[in-house]
file final_3.txt (compact mmCIF, C-alpha atoms)
# COMPACT_ATOMS: atom_id res chain seq x y z
CA MET A 21 11.41 179.43 41.19
CA SER A 22 9.50 177.17 43.54
CA ILE A 23 10.97 175.65 46.68
CA GLU A 24 10.85 172.13 45.14
CA GLN A 25 13.27 173.24 42.41
CA GLU A 26 15.83 174.75 44.78
CA ILE A 27 18.73 172.66 46.06
CA PRO A 28 20.82 173.65 49.11
CA ILE A 29 24.44 174.63 48.47
CA TRP A 30 26.89 173.53 51.16
CA SER A 31 30.50 173.95 52.15
CA ALA A 32 31.62 170.32 52.51
CA ASP A 33 34.61 168.13 53.27
CA TRP A 34 35.11 165.22 50.86
CA THR A 35 37.05 161.98 51.43
CA PHE A 36 38.24 159.91 48.47
CA GLU A 37 39.97 156.53 48.53
CA HIS A 38 42.23 155.05 45.86
CA GLN A 39 40.67 151.73 44.85
CA LYS A 40 43.96 149.85 44.43
CA THR A 41 46.26 151.25 47.15
CA GLY A 42 43.72 152.35 49.78
CA THR A 43 45.31 155.82 50.03
CA ARG A 44 42.83 158.42 51.27
CA PHE A 45 42.53 162.04 50.15
CA LEU A 46 40.68 164.66 52.22
CA ILE A 47 39.57 167.87 50.50
CA LYS A 48 38.08 170.62 52.66
CA ASN A 49 35.58 173.42 52.02
CA ILE A 50 34.33 172.35 48.59
CA VAL A 51 31.11 173.94 47.31
CA THR A 52 28.57 171.12 46.95
CA LYS A 53 24.97 171.30 45.74
CA SER A 54 22.85 168.47 47.15
CA HIS A 55 19.96 167.57 49.46
CA ASN A 56 21.89 164.83 51.28
CA ASP A 57 25.24 163.04 51.37
CA GLN A 58 24.12 159.97 49.39
CA ALA A 59 22.91 162.15 46.52
CA ALA A 60 26.20 164.09 46.57
CA LEU A 61 28.32 160.91 46.47
CA THR A 62 26.55 159.71 43.32
CA ASN A 63 26.20 163.06 41.52
CA LYS A 64 28.66 163.39 38.63
CA TRP A 65 28.85 167.20 38.90
CA SER A 66 29.50 167.22 42.67
CA VAL A 67 32.17 164.52 42.57
CA GLY A 68 33.84 166.12 39.54
CA SER A 69 34.05 169.51 41.23
CA ALA A 70 35.65 167.95 44.33
CA LEU A 71 38.14 165.94 42.22
CA ARG A 72 39.42 169.16 40.61
CA TYR A 73 41.01 170.14 43.93
CA ILE A 74 43.14 166.97 44.18
CA LYS A 75 46.63 167.45 42.80
CA ALA A 76 47.22 164.07 41.19
CA SER A 77 47.64 162.61 37.73
CA PRO A 78 44.56 161.73 35.67
CA THR A 79 45.44 158.04 36.12
CA VAL A 80 45.27 158.37 39.90
CA LYS A 81 42.05 160.42 39.78
CA LYS A 82 40.43 157.77 37.60
CA ASN A 83 40.87 155.23 40.43
CA LEU A 84 39.55 157.47 43.22
CA LYS A 85 36.20 156.61 44.75
CA PRO A 86 34.25 159.05 46.94
CA ILE A 87 33.62 157.42 50.32
CA SER A 88 32.19 160.25 52.40
CA VAL A 89 31.05 163.86 52.31
CA ASN A 90 30.54 165.97 55.43
CA PHE A 91 28.28 169.00 55.03
CA LYS A 92 29.56 171.78 57.30
CA LYS A 93 27.61 174.95 56.54
CA GLN A 94 24.81 175.85 54.16
CA ILE A 95 25.79 178.83 52.02
CA GLY A 96 22.71 179.25 49.83
CA PHE A 97 20.32 177.67 47.34
CA GLY A 98 20.75 176.78 43.68
CA LYS A 99 18.54 175.70 40.85
CA TYR A 100 17.76 172.06 40.18
CA GLU A 101 19.93 170.28 37.60
CA LYS A 102 19.63 166.80 36.17
CA HIS A 103 21.27 164.19 38.41
CA GLU A 104 23.83 162.21 36.43
CA LEU A 105 25.36 159.19 38.19
CA TYR A 106 29.11 159.27 38.84
CA SER A 107 31.26 156.35 37.77
CA PRO A 108 35.06 156.34 38.42
CA GLU A 109 35.72 154.58 35.10
CA LYS A 110 33.94 157.24 33.04
CA LYS A 111 35.03 160.87 33.07
call {"tool": "encode", "arguments": {"input": "final_3.txt", "output": "structure tokens"}}
result
Amino acid sequence: MSIEQEIPIWSADWTFEHQKTGTRFLIKNIVTKSHNDQAALTNKWSVGSALRYIKASPTVKKNLKPISVNFKKQIGFGKYEKHELYSPEKK
């Protein structure tokens, strides 16, 4: 596997905001595979894995929008996967 195909894996803190009420959710120490924060915020796989840790109904989760991700510590490298864009309306 070449270095261009490897993506860093991070331990990250995610912040989500409910689009209607403005309520914020902070989830800590989520495994995230991405080169930078903007790529993580738009990656369907990364956002979906962080949403799994929020204890809320599917209706609430559908209205959550990722607003920030803070990479804390790199924990390894992973293989490249296709980047699918995240959309709160589609699951």
call {"tool": "atom_distance", "arguments": {"input": "final_3.txt", "atom1": "atom CA of Ile87 of chain A", "atom2": "atom CA of Pro28 of chain A"}}
result
20.7 Å
call {"tool": "closest_residue", "arguments": {"input": "final_3.txt", "among": "A:Arg72, A:His38, A:Gln94, A:Glu26", "to": "Thr52 of chain A", "atoms": "all atoms listed in the file"}}
result
A:Gln94
call {"tool": "atom_distance", "arguments": {"input": "final_3.txt", "atom1": "atom CA of Ser77 of chain A", "atom2": "atom CA of Trp30 of chain A"}}
result
27.0 Å
call {"tool": "closest_residue", "arguments": {"input": "final_3.txt", "among": "A:Thr35, A:Val89, A:Phe45, A:Tyr106", "to": "Gly68 of chain A", "atoms": "all atoms listed in the file"}}
result
A:Tyr106
call {"tool": "closest_residue", "arguments": {"input": "final_3.txt", "among": "A:Tyr100, A:Thr41, A:Lys48, A:Ser107", "to": "Ile74 of chain A", "atoms": "only C-alpha atoms"}}
result
A:Lys48
call {"tool": "closest_residue", "arguments": {"input": "final_3.txt", "among": "A:Ser66, A:Lys53, A:Gln39, A:Lys99", "to": "Lys82 of chain A", "atoms": "only C-alpha atoms"}}
result
A:Gln39
call {"tool": "closest_residue", "arguments": {"input": "final_3.txt", "among": "A:Glu101, A:Lys40, A:Ser54, A:Phe91", "to": "Thr79 of chain A", "atoms": "all atoms listed in the file"}}
result
A:Lys40
call {"tool": "closest_residue", "arguments": {"input": "final_3.txt", "among": "A:Asn49, A:Ser88, A:Pro78, A:Asn56", "to": "Glu37 of chain A", "atoms": "only C-alpha atoms"}}
result
A:Ser88
call {"tool": "atom_distance", "arguments": {"input": "final_3.txt", "atom1": "atom CA of Arg44 of chain A", "atom2": "atom CA of Gly96 of chain A"}}
result
29.0 Å
call {"tool": "decode", "arguments": {"input": "final_3.txt", "residues": "segment 60-72 of chain A", "atoms": "all heavy atoms", "output": "short mmCIF file (atom, residue, chain, number, x, y, z; two decimals), in the first residue's frame"}}
result
data_model
loop_
_atom_site.label_atom_id
_atom_site.label_comp_id
_atom_site.auth_asym_id
_atom_site.auth_seq_id
_atom_site.Cartn_x
_atom_site.Cartn_y
_atom_site.Cartn_z
N ALA A 60 -13.57 15.42 7.10
CA ALA A 60 -14.30 14.60 8.08
C ALA A 60 -15.75 15.07 8.22
O ALA A 60 -16.66 14.26 8.33
CB ALA A 60 -13.60 14.66 9.43
N LEU A 61 -15.97 16.38 8.21
CA LEU A 61 -17.32 16.93 8.38
C LEU A 61 -18.25 16.61 7.21
O LEU A 61 -19.46 16.62 7.37
CB LEU A 61 -17.26 18.44 8.59
CG LEU A 61 -16.67 18.91 9.91
CD1 LEU A 61 -16.48 20.42 9.90
CD2 LEU A 61 -17.55 18.48 11.07
N THR A 62 -17.68 16.31 6.05
CA THR A 62 -18.50 16.01 4.88
C THR A 62 -18.50 14.54 4.51
O THR A 62 -19.19 14.15 3.57
CB THR A 62 -18.04 16.82 3.66
OG1 THR A 62 -16.68 16.50 3.37
CG2 THR A 62 -18.18 18.31 3.91
N ASN A 63 -17.74 13.71 5.23
CA ASN A 63 -17.65 12.29 4.91
C ASN A 63 -18.79 11.53 5.59
O ASN A 63 -18.94 11.56 6.80
CB ASN A 63 -16.30 11.74 5.38
CG ASN A 63 -16.07 10.33 4.92
OD1 ASN A 63 -16.97 9.50 4.94
ND2 ASN A 63 -14.86 10.05 4.51
N LYS A 64 -19.58 10.84 4.80
CA LYS A 64 -20.76 10.12 5.29
C LYS A 64 -20.37 9.07 6.33
O LYS A 64 -21.04 8.92 7.35
CB LYS A 64 -21.47 9.47 4.10
CG LYS A 64 -22.75 8.79 4.44
CD LYS A 64 -23.39 8.26 3.17
CE LYS A 64 -24.68 7.55 3.46
NZ LYS A 64 -25.32 7.04 2.25
N TRP A 65 -19.29 8.34 6.11
CA TRP A 65 -18.87 7.29 7.04
C TRP A 65 -18.46 7.88 8.38
O TRP A 65 -18.84 7.38 9.44
CB TRP A 65 -17.73 6.48 6.44
CG TRP A 65 -17.29 5.36 7.32
CD1 TRP A 65 -17.81 4.11 7.35
CD2 TRP A 65 -16.27 5.39 8.32
NE1 TRP A 65 -17.17 3.35 8.30
CE2 TRP A 65 -16.23 4.12 8.91
CE3 TRP A 65 -15.40 6.37 8.76
CZ2 TRP A 65 -15.33 3.81 9.93
CZ3 TRP A 65 -14.52 6.05 9.76
CH2 TRP A 65 -14.49 4.78 10.34
N SER A 66 -17.66 8.95 8.36
CA SER A 66 -17.17 9.56 9.59
C SER A 66 -18.30 10.16 10.42
O SER A 66 -18.37 9.95 11.64
CB SER A 66 -16.15 10.67 9.27
OG SER A 66 -15.02 10.13 8.66
N VAL A 67 -19.20 10.88 9.78
CA VAL A 67 -20.32 11.49 10.49
C VAL A 67 -21.25 10.40 11.03
O VAL A 67 -21.70 10.47 12.18
CB VAL A 67 -21.10 12.46 9.57
CG1 VAL A 67 -22.34 12.98 10.26
CG2 VAL A 67 -20.22 13.61 9.15
N GLY A 68 -21.49 9.37 10.25
CA GLY A 68 -22.36 8.27 10.69
C GLY A 68 -21.80 7.54 11.90
O GLY A 68 -22.55 7.19 12.82
N SER A 69 -20.48 7.34 11.92
CA SER A 69 -19.89 6.65 13.07
C SER A 69 -19.97 7.51 14.32
O SER A 69 -20.17 7.00 15.42
CB SER A 69 -18.45 6.23 12.78
OG SER A 69 -17.62 7.35 12.65
N ALA A 70 -19.85 8.81 14.20
CA ALA A 70 -19.97 9.70 15.36
C ALA A 70 -21.43 9.78 15.83
O ALA A 70 -21.69 9.80 17.04
CB ALA A 70 -19.46 11.09 15.01
N LEU A 71 -22.38 9.78 14.91
CA LEU A 71 -23.80 9.85 15.29
C LEU A 71 -24.25 8.62 16.07
O LEU A 71 -25.19 8.71 16.86
CB LEU A 71 -24.68 10.00 14.04
CG LEU A 71 -24.83 11.41 13.48
CD1 LEU A 71 -25.57 11.36 12.14
CD2 LEU A 71 -25.54 12.31 14.45
N ARG A 72 -23.61 7.49 15.87
CA ARG A 72 -23.99 6.27 16.59
C ARG A 72 -23.84 6.41 18.09
O ARG A 72 -24.48 5.71 18.85
CB ARG A 72 -23.17 5.08 16.10
CG ARG A 72 -23.66 4.54 14.81
CD ARG A 72 -22.95 3.23 14.47
NE ARG A 72 -22.57 3.34 13.07
CZ ARG A 72 -21.34 3.23 12.60
NH1 ARG A 72 -20.35 2.96 13.39
NH2 ARG A 72 -21.10 3.38 11.33
#
